>>> print(open('structure.txt').read())   # compact mmCIF, N, CA, C and O atoms
# COMPACT_ATOMS: atom_id res chain seq x y z
N MET A 1 -5.61 25.04 -51.66
CA MET A 1 -5.96 24.50 -50.35
C MET A 1 -6.49 25.62 -49.45
O MET A 1 -5.85 26.65 -49.32
N THR A 2 -7.65 25.39 -48.84
CA THR A 2 -8.24 26.42 -47.98
C THR A 2 -7.91 26.12 -46.53
O THR A 2 -7.81 24.97 -46.12
N ALA A 3 -7.78 27.14 -45.75
CA ALA A 3 -7.48 26.98 -44.32
C ALA A 3 -8.77 26.64 -43.58
O ALA A 3 -9.84 27.14 -43.90
N ARG A 4 -8.64 25.78 -42.60
CA ARG A 4 -9.80 25.42 -41.77
C ARG A 4 -10.04 26.54 -40.75
O ARG A 4 -9.09 27.08 -40.20
N PRO A 5 -11.30 26.82 -40.49
CA PRO A 5 -11.56 27.81 -39.43
C PRO A 5 -11.16 27.22 -38.08
O PRO A 5 -11.24 26.00 -37.86
N PRO A 6 -10.70 28.06 -37.15
CA PRO A 6 -10.31 27.54 -35.84
C PRO A 6 -11.50 26.95 -35.09
O PRO A 6 -12.64 27.39 -35.27
N ARG A 7 -11.22 25.94 -34.27
CA ARG A 7 -12.28 25.35 -33.44
C ARG A 7 -12.73 26.35 -32.40
O ARG A 7 -11.91 27.04 -31.81
N PRO A 8 -14.02 26.41 -32.15
CA PRO A 8 -14.47 27.31 -31.08
C PRO A 8 -13.99 26.77 -29.74
O PRO A 8 -14.06 25.58 -29.46
N THR A 9 -13.48 27.65 -28.92
CA THR A 9 -13.01 27.23 -27.60
C THR A 9 -14.11 27.49 -26.60
O THR A 9 -14.75 28.54 -26.63
N PRO A 10 -14.35 26.54 -25.70
CA PRO A 10 -15.41 26.73 -24.72
C PRO A 10 -15.01 27.81 -23.71
O PRO A 10 -13.84 28.04 -23.46
N ALA A 11 -15.99 28.45 -23.18
CA ALA A 11 -15.75 29.47 -22.17
C ALA A 11 -15.16 28.82 -20.92
O ALA A 11 -15.38 27.64 -20.66
N VAL A 12 -14.42 29.59 -20.17
CA VAL A 12 -13.81 29.07 -18.94
C VAL A 12 -14.93 28.64 -18.00
O VAL A 12 -15.89 29.37 -17.77
N GLY A 13 -14.81 27.43 -17.49
CA GLY A 13 -15.81 26.90 -16.57
C GLY A 13 -17.00 26.27 -17.26
O GLY A 13 -17.92 25.81 -16.61
N ALA A 14 -16.98 26.23 -18.59
CA ALA A 14 -18.09 25.61 -19.31
C ALA A 14 -18.08 24.11 -19.07
O ALA A 14 -17.02 23.49 -18.96
N GLU A 15 -19.24 23.53 -18.98
CA GLU A 15 -19.37 22.10 -18.73
C GLU A 15 -19.02 21.31 -19.98
O GLU A 15 -19.48 21.61 -21.07
N LYS A 16 -18.15 20.32 -19.83
CA LYS A 16 -17.79 19.47 -20.95
C LYS A 16 -18.75 18.29 -20.99
O LYS A 16 -19.26 17.86 -19.97
N VAL A 17 -18.97 17.76 -22.17
CA VAL A 17 -19.85 16.60 -22.30
C VAL A 17 -19.11 15.46 -22.97
O VAL A 17 -18.24 15.66 -23.81
N VAL A 18 -19.42 14.24 -22.57
CA VAL A 18 -18.84 13.04 -23.15
C VAL A 18 -19.55 12.73 -24.46
O VAL A 18 -18.95 12.47 -25.48
N ALA A 19 -20.83 12.75 -24.43
CA ALA A 19 -21.67 12.54 -25.61
C ALA A 19 -22.83 13.51 -25.49
O ALA A 19 -23.06 14.09 -24.43
N GLU A 20 -23.54 13.67 -26.55
CA GLU A 20 -24.64 14.62 -26.52
C GLU A 20 -25.63 14.29 -25.41
O GLU A 20 -26.14 13.18 -25.32
N GLY A 21 -25.85 15.24 -24.54
CA GLY A 21 -26.79 15.07 -23.45
C GLY A 21 -26.25 14.32 -22.24
O GLY A 21 -26.97 14.06 -21.30
N VAL A 22 -24.95 13.97 -22.24
CA VAL A 22 -24.36 13.25 -21.11
C VAL A 22 -23.29 14.14 -20.49
O VAL A 22 -22.18 14.22 -20.99
N PRO A 23 -23.61 14.86 -19.42
CA PRO A 23 -22.62 15.74 -18.80
C PRO A 23 -21.55 14.94 -18.06
O PRO A 23 -21.79 13.84 -17.59
N SER A 24 -20.38 15.50 -17.99
CA SER A 24 -19.32 14.86 -17.21
C SER A 24 -19.09 15.69 -15.95
O SER A 24 -19.51 16.83 -15.86
N GLY A 25 -18.39 15.12 -14.99
CA GLY A 25 -18.10 15.84 -13.75
C GLY A 25 -19.09 15.50 -12.67
O GLY A 25 -19.86 14.54 -12.75
N LEU A 26 -19.09 16.32 -11.64
CA LEU A 26 -19.95 16.09 -10.48
C LEU A 26 -21.39 16.47 -10.79
O LEU A 26 -21.66 17.42 -11.51
N ASP A 27 -22.29 15.72 -10.21
CA ASP A 27 -23.71 16.01 -10.35
C ASP A 27 -24.04 17.22 -9.49
O ASP A 27 -23.80 17.21 -8.29
N PRO A 28 -24.59 18.29 -10.07
CA PRO A 28 -24.90 19.47 -9.26
C PRO A 28 -26.06 19.23 -8.29
O PRO A 28 -26.26 20.02 -7.38
N HIS A 29 -26.79 18.15 -8.48
CA HIS A 29 -27.91 17.81 -7.60
C HIS A 29 -27.61 16.48 -6.93
O HIS A 29 -27.98 15.43 -7.45
N PRO A 30 -26.93 16.48 -5.77
CA PRO A 30 -26.63 15.21 -5.13
C PRO A 30 -27.91 14.48 -4.75
O PRO A 30 -28.94 15.11 -4.52
N PRO A 31 -27.86 13.15 -4.69
CA PRO A 31 -29.06 12.39 -4.36
C PRO A 31 -29.55 12.70 -2.96
O PRO A 31 -28.75 12.95 -2.05
N THR A 32 -30.84 12.71 -2.80
CA THR A 32 -31.42 12.94 -1.48
C THR A 32 -31.84 11.61 -0.91
O THR A 32 -31.98 10.62 -1.62
N GLY A 33 -32.06 11.57 0.37
CA GLY A 33 -32.48 10.35 1.02
C GLY A 33 -31.33 9.56 1.59
O GLY A 33 -30.20 10.05 1.66
N PRO A 34 -31.58 8.35 1.99
CA PRO A 34 -30.54 7.54 2.62
C PRO A 34 -29.41 7.20 1.66
O PRO A 34 -29.63 7.04 0.46
N ARG A 35 -28.21 7.11 2.20
CA ARG A 35 -27.06 6.68 1.41
C ARG A 35 -26.17 5.81 2.28
O ARG A 35 -26.21 5.89 3.50
N ILE A 36 -25.38 4.97 1.64
CA ILE A 36 -24.52 4.05 2.38
C ILE A 36 -23.31 4.81 2.91
O ILE A 36 -22.61 5.47 2.16
N LEU A 37 -23.10 4.73 4.22
CA LEU A 37 -21.94 5.37 4.85
C LEU A 37 -20.89 4.35 5.24
O LEU A 37 -19.70 4.66 5.24
N ALA A 38 -21.30 3.17 5.60
CA ALA A 38 -20.36 2.12 6.00
C ALA A 38 -20.91 0.77 5.56
O ALA A 38 -22.12 0.58 5.49
N GLN A 39 -19.98 -0.14 5.26
CA GLN A 39 -20.41 -1.44 4.77
C GLN A 39 -19.42 -2.50 5.23
O GLN A 39 -18.21 -2.30 5.23
N LEU A 40 -19.95 -3.64 5.61
CA LEU A 40 -19.15 -4.80 5.98
C LEU A 40 -19.57 -5.94 5.07
O LEU A 40 -20.74 -6.33 5.05
N HIS A 41 -18.62 -6.47 4.31
CA HIS A 41 -18.90 -7.57 3.39
C HIS A 41 -18.12 -8.78 3.87
O HIS A 41 -16.90 -8.74 4.00
N ILE A 42 -18.83 -9.87 4.16
CA ILE A 42 -18.21 -11.10 4.65
C ILE A 42 -18.44 -12.20 3.63
O ILE A 42 -19.57 -12.40 3.17
N CYS A 43 -17.38 -12.90 3.29
CA CYS A 43 -17.48 -14.01 2.35
C CYS A 43 -16.98 -15.27 3.05
O CYS A 43 -15.81 -15.38 3.41
N ALA A 44 -17.88 -16.21 3.27
CA ALA A 44 -17.53 -17.48 3.90
C ALA A 44 -17.91 -18.59 2.92
O ALA A 44 -19.01 -19.13 2.96
N PRO A 45 -17.01 -18.92 1.99
CA PRO A 45 -17.35 -19.79 0.87
C PRO A 45 -17.67 -21.25 1.20
O PRO A 45 -18.32 -21.91 0.42
N GLY A 46 -17.22 -21.78 2.30
CA GLY A 46 -17.55 -23.17 2.63
C GLY A 46 -16.33 -23.95 3.09
O GLY A 46 -15.29 -23.39 3.37
N ARG A 47 -16.48 -25.26 3.17
CA ARG A 47 -15.40 -26.13 3.67
C ARG A 47 -14.14 -26.02 2.84
O ARG A 47 -14.17 -26.07 1.62
N GLY A 48 -13.03 -25.87 3.55
CA GLY A 48 -11.73 -25.87 2.91
C GLY A 48 -11.37 -24.57 2.21
O GLY A 48 -10.29 -24.46 1.64
N ALA A 49 -12.25 -23.58 2.20
CA ALA A 49 -11.97 -22.30 1.55
C ALA A 49 -11.68 -21.24 2.60
O ALA A 49 -12.11 -21.35 3.75
N THR A 50 -10.95 -20.24 2.24
CA THR A 50 -10.56 -19.19 3.16
C THR A 50 -11.63 -18.10 3.21
O THR A 50 -11.96 -17.51 2.18
N PRO A 51 -12.17 -17.80 4.40
CA PRO A 51 -13.14 -16.71 4.50
C PRO A 51 -12.42 -15.36 4.38
O PRO A 51 -11.23 -15.26 4.64
N SER A 52 -13.18 -14.35 3.99
CA SER A 52 -12.62 -13.01 3.89
C SER A 52 -13.66 -12.00 4.34
O SER A 52 -14.86 -12.29 4.39
N ALA A 53 -13.18 -10.81 4.67
CA ALA A 53 -14.07 -9.73 5.09
C ALA A 53 -13.49 -8.42 4.59
O ALA A 53 -12.28 -8.25 4.49
N ARG A 54 -14.39 -7.50 4.26
CA ARG A 54 -13.99 -6.15 3.85
C ARG A 54 -14.82 -5.15 4.63
O ARG A 54 -16.04 -5.24 4.66
N SER A 55 -14.13 -4.20 5.25
CA SER A 55 -14.78 -3.13 5.99
C SER A 55 -14.54 -1.83 5.25
O SER A 55 -13.39 -1.44 5.04
N TRP A 56 -15.63 -1.14 4.85
CA TRP A 56 -15.51 0.09 4.10
C TRP A 56 -16.36 1.17 4.77
O TRP A 56 -17.43 0.90 5.29
N CYS A 57 -15.84 2.39 4.79
CA CYS A 57 -16.57 3.53 5.34
C CYS A 57 -16.30 4.74 4.46
O CYS A 57 -15.23 4.89 3.89
N SER A 58 -17.27 5.64 4.37
CA SER A 58 -17.10 6.82 3.54
C SER A 58 -16.09 7.80 4.12
O SER A 58 -15.70 8.75 3.44
N CYS A 59 -15.61 7.57 5.33
CA CYS A 59 -14.57 8.42 5.91
C CYS A 59 -13.20 8.11 5.32
O CYS A 59 -12.24 8.83 5.54
N GLY A 60 -13.10 7.04 4.54
CA GLY A 60 -11.83 6.68 3.92
C GLY A 60 -11.33 5.31 4.33
O GLY A 60 -10.36 4.80 3.79
N ARG A 61 -11.98 4.68 5.26
CA ARG A 61 -11.58 3.35 5.73
C ARG A 61 -11.89 2.31 4.66
O ARG A 61 -12.98 2.28 4.11
N ASP A 62 -10.91 1.48 4.35
CA ASP A 62 -11.10 0.39 3.39
C ASP A 62 -10.11 -0.71 3.76
O ASP A 62 -8.96 -0.68 3.34
N LEU A 63 -10.56 -1.67 4.56
CA LEU A 63 -9.69 -2.73 5.07
C LEU A 63 -10.19 -4.09 4.60
O LEU A 63 -11.39 -4.33 4.50
N ASN A 64 -9.24 -5.00 4.36
CA ASN A 64 -9.55 -6.37 3.97
C ASN A 64 -8.86 -7.33 4.93
O ASN A 64 -7.79 -7.02 5.45
N ALA A 65 -9.47 -8.48 5.15
CA ALA A 65 -8.87 -9.52 5.99
C ALA A 65 -9.18 -10.87 5.38
O ALA A 65 -10.27 -11.10 4.84
N PHE A 66 -8.22 -11.78 5.46
CA PHE A 66 -8.37 -13.12 4.92
C PHE A 66 -8.00 -14.13 6.00
O PHE A 66 -7.00 -13.96 6.69
N GLY A 67 -8.82 -15.16 6.16
CA GLY A 67 -8.61 -16.18 7.18
C GLY A 67 -9.60 -16.02 8.32
O GLY A 67 -10.15 -14.95 8.54
N HIS A 68 -9.81 -17.11 9.05
CA HIS A 68 -10.82 -17.13 10.12
C HIS A 68 -10.56 -16.07 11.18
O HIS A 68 -11.43 -15.26 11.49
N ARG A 69 -9.37 -16.09 11.76
CA ARG A 69 -9.08 -15.17 12.87
C ARG A 69 -9.05 -13.71 12.42
O ARG A 69 -9.59 -12.84 13.09
N LYS A 70 -8.40 -13.45 11.29
CA LYS A 70 -8.30 -12.06 10.82
C LYS A 70 -9.65 -11.51 10.41
O LYS A 70 -9.96 -10.35 10.67
N ALA A 71 -10.48 -12.32 9.78
CA ALA A 71 -11.82 -11.87 9.39
C ALA A 71 -12.67 -11.59 10.63
O ALA A 71 -13.37 -10.57 10.68
N ALA A 72 -12.59 -12.45 11.62
CA ALA A 72 -13.34 -12.22 12.86
C ALA A 72 -12.87 -10.95 13.56
O ALA A 72 -13.68 -10.18 14.08
N ALA A 73 -11.55 -10.69 13.55
CA ALA A 73 -11.02 -9.48 14.17
C ALA A 73 -11.48 -8.24 13.41
O ALA A 73 -11.80 -7.21 14.01
N LEU A 74 -11.53 -8.32 12.09
CA LEU A 74 -11.99 -7.18 11.30
C LEU A 74 -13.47 -6.91 11.51
O LEU A 74 -13.89 -5.76 11.57
N ILE A 75 -14.26 -7.94 11.68
CA ILE A 75 -15.69 -7.76 11.96
C ILE A 75 -15.87 -7.02 13.29
O ILE A 75 -16.65 -6.07 13.37
N ALA A 76 -15.12 -7.42 14.31
CA ALA A 76 -15.20 -6.73 15.60
C ALA A 76 -14.71 -5.29 15.48
O ALA A 76 -15.30 -4.37 16.06
N ASP A 77 -13.64 -5.08 14.72
CA ASP A 77 -13.11 -3.74 14.54
C ASP A 77 -14.09 -2.86 13.76
O ASP A 77 -14.21 -1.66 14.04
N HIS A 78 -14.80 -3.43 12.82
CA HIS A 78 -15.81 -2.68 12.07
C HIS A 78 -16.93 -2.20 13.00
O HIS A 78 -17.36 -1.05 12.92
N GLU A 79 -17.38 -3.07 13.88
CA GLU A 79 -18.40 -2.69 14.86
C GLU A 79 -17.91 -1.57 15.76
O GLU A 79 -18.64 -0.62 16.06
N ARG A 80 -16.66 -1.65 16.18
CA ARG A 80 -16.06 -0.61 17.02
C ARG A 80 -15.98 0.71 16.24
O ARG A 80 -16.28 1.77 16.77
N HIS A 81 -15.60 0.63 14.97
CA HIS A 81 -15.49 1.83 14.14
C HIS A 81 -16.84 2.53 13.98
O HIS A 81 -16.91 3.76 13.98
N ARG A 82 -17.90 1.75 13.88
CA ARG A 82 -19.23 2.34 13.73
C ARG A 82 -19.63 3.18 14.92
O ARG A 82 -20.43 4.11 14.79
N THR A 83 -19.10 2.89 16.10
CA THR A 83 -19.43 3.69 17.27
C THR A 83 -18.53 4.92 17.40
O THR A 83 -18.86 5.84 18.14
N LEU A 84 -17.39 4.95 16.68
CA LEU A 84 -16.44 6.04 16.82
C LEU A 84 -16.38 6.99 15.62
O LEU A 84 -15.96 8.14 15.77
N CYS A 85 -16.74 6.55 14.45
CA CYS A 85 -16.61 7.35 13.23
C CYS A 85 -17.51 8.58 13.30
O CYS A 85 -18.72 8.46 13.53
N PRO A 86 -16.96 9.79 13.09
CA PRO A 86 -17.79 10.99 13.17
C PRO A 86 -18.88 11.04 12.08
O PRO A 86 -19.94 11.62 12.32
N LEU A 87 -18.65 10.44 10.93
CA LEU A 87 -19.68 10.43 9.88
C LEU A 87 -20.88 9.58 10.27
O LEU A 87 -22.00 9.85 9.87
N LEU A 88 -20.63 8.53 11.05
CA LEU A 88 -21.71 7.63 11.44
C LEU A 88 -22.40 8.07 12.72
O LEU A 88 -23.59 7.82 12.90
N THR A 89 -21.68 8.71 13.63
CA THR A 89 -22.28 9.14 14.89
C THR A 89 -22.99 10.47 14.76
O THR A 89 -23.82 10.82 15.58
N GLN A 90 -22.72 11.23 13.70
CA GLN A 90 -23.33 12.52 13.48
C GLN A 90 -24.85 12.44 13.42
O GLN A 90 -25.54 13.20 14.06
N GLY A 91 -25.40 11.51 12.67
CA GLY A 91 -26.83 11.36 12.56
C GLY A 91 -27.49 10.86 13.83
O GLY A 91 -28.60 11.20 14.15
N LYS A 92 -26.77 10.04 14.60
CA LYS A 92 -27.31 9.50 15.84
C LYS A 92 -27.49 10.59 16.89
O LYS A 92 -28.43 10.59 17.65
N GLU A 93 -26.56 11.56 16.91
CA GLU A 93 -26.66 12.66 17.88
C GLU A 93 -27.83 13.58 17.55
O GLU A 93 -28.47 14.10 18.43
N ALA A 94 -28.10 13.77 16.27
CA ALA A 94 -29.19 14.66 15.86
C ALA A 94 -30.55 14.05 16.13
O ALA A 94 -31.53 14.76 16.33
N ALA A 95 -30.64 12.74 16.15
CA ALA A 95 -31.94 12.07 16.33
C ALA A 95 -32.43 12.09 17.74
O ALA A 95 -31.97 12.46 18.67
>>> encode(input="structure.txt", output="structure tokens")
Amino acid sequence: MTARPPRPTPAVGAEKVVAEGVPSGLDPHPPTGPRILAQLHICAPGRGATPSARSWCSCGRDLNAFGHRKAAALIADHERHRTLCPLLTQGKEAA
């Protein structure tokens, strides 16, 4: 029985790949141009169904509401957040 040669160990900090030609980890070239910073998704399915709303922001905000009153309150709160969030007001000040 012959001994197997040891596996080569990658250098420290070497990029790992999932499959040939598919790098894993963060993209060293982030996308340029517009990107989504905040989003409000409203679902009003129709008669007899419960409406819902989701407010998401890249600052970490991720809220959900179910029902007419709570969804309406979240929509108003989302609008208020858009005027206060530093990630969203940053571009407005520069313009």
>>> residues_around(input="structure.txt", residues="segment 50-52 of chain A", least_positions_apart="3", cutoff="6 Å", atoms="all atoms listed in the file", output="ChimeraX atom specification")
/A:41-46,65-68,71
>>> atom_distance(input="structure.txt", atom1="atom C of Ala53 of chain A", atom2="atom CA of Glu79 of chain A")
12.7 Å
>>> atom_distance(input="structure.txt", atom1="atom CA of Asn64 of chain A", atom2="atom CA of Gln39 of chain A")
12.0 Å
>>> atom_distance(input="structure.txt", atom1="atom O of Asp62 of chain A", atom2="atom C of Gln90 of chain A")
22.9 Å
>>> closest_residue(input="structure.txt", among="A:Leu88, A:Ile75, A:Lys70, A:Thr83", to="Leu40 of chain A", atoms="only N, CA, C and O atoms")
A:Ile75
>>> residues_near_point(input="structure.txt", point="(-19.8, 1.5, 9.8)", cutoff="10 Å", atoms="only C-alpha atoms", output="list in words")
Ile36, Leu37, Ala38, Gln39, Leu40, Ser55, Trp56, Cys57, Ser58, Cys59, Arg61, Asp77, His78, Glu79, Arg80, His81, Arg82, Thr83, Leu84, Cys85, Leu87, Leu88 and Thr89 of chain A
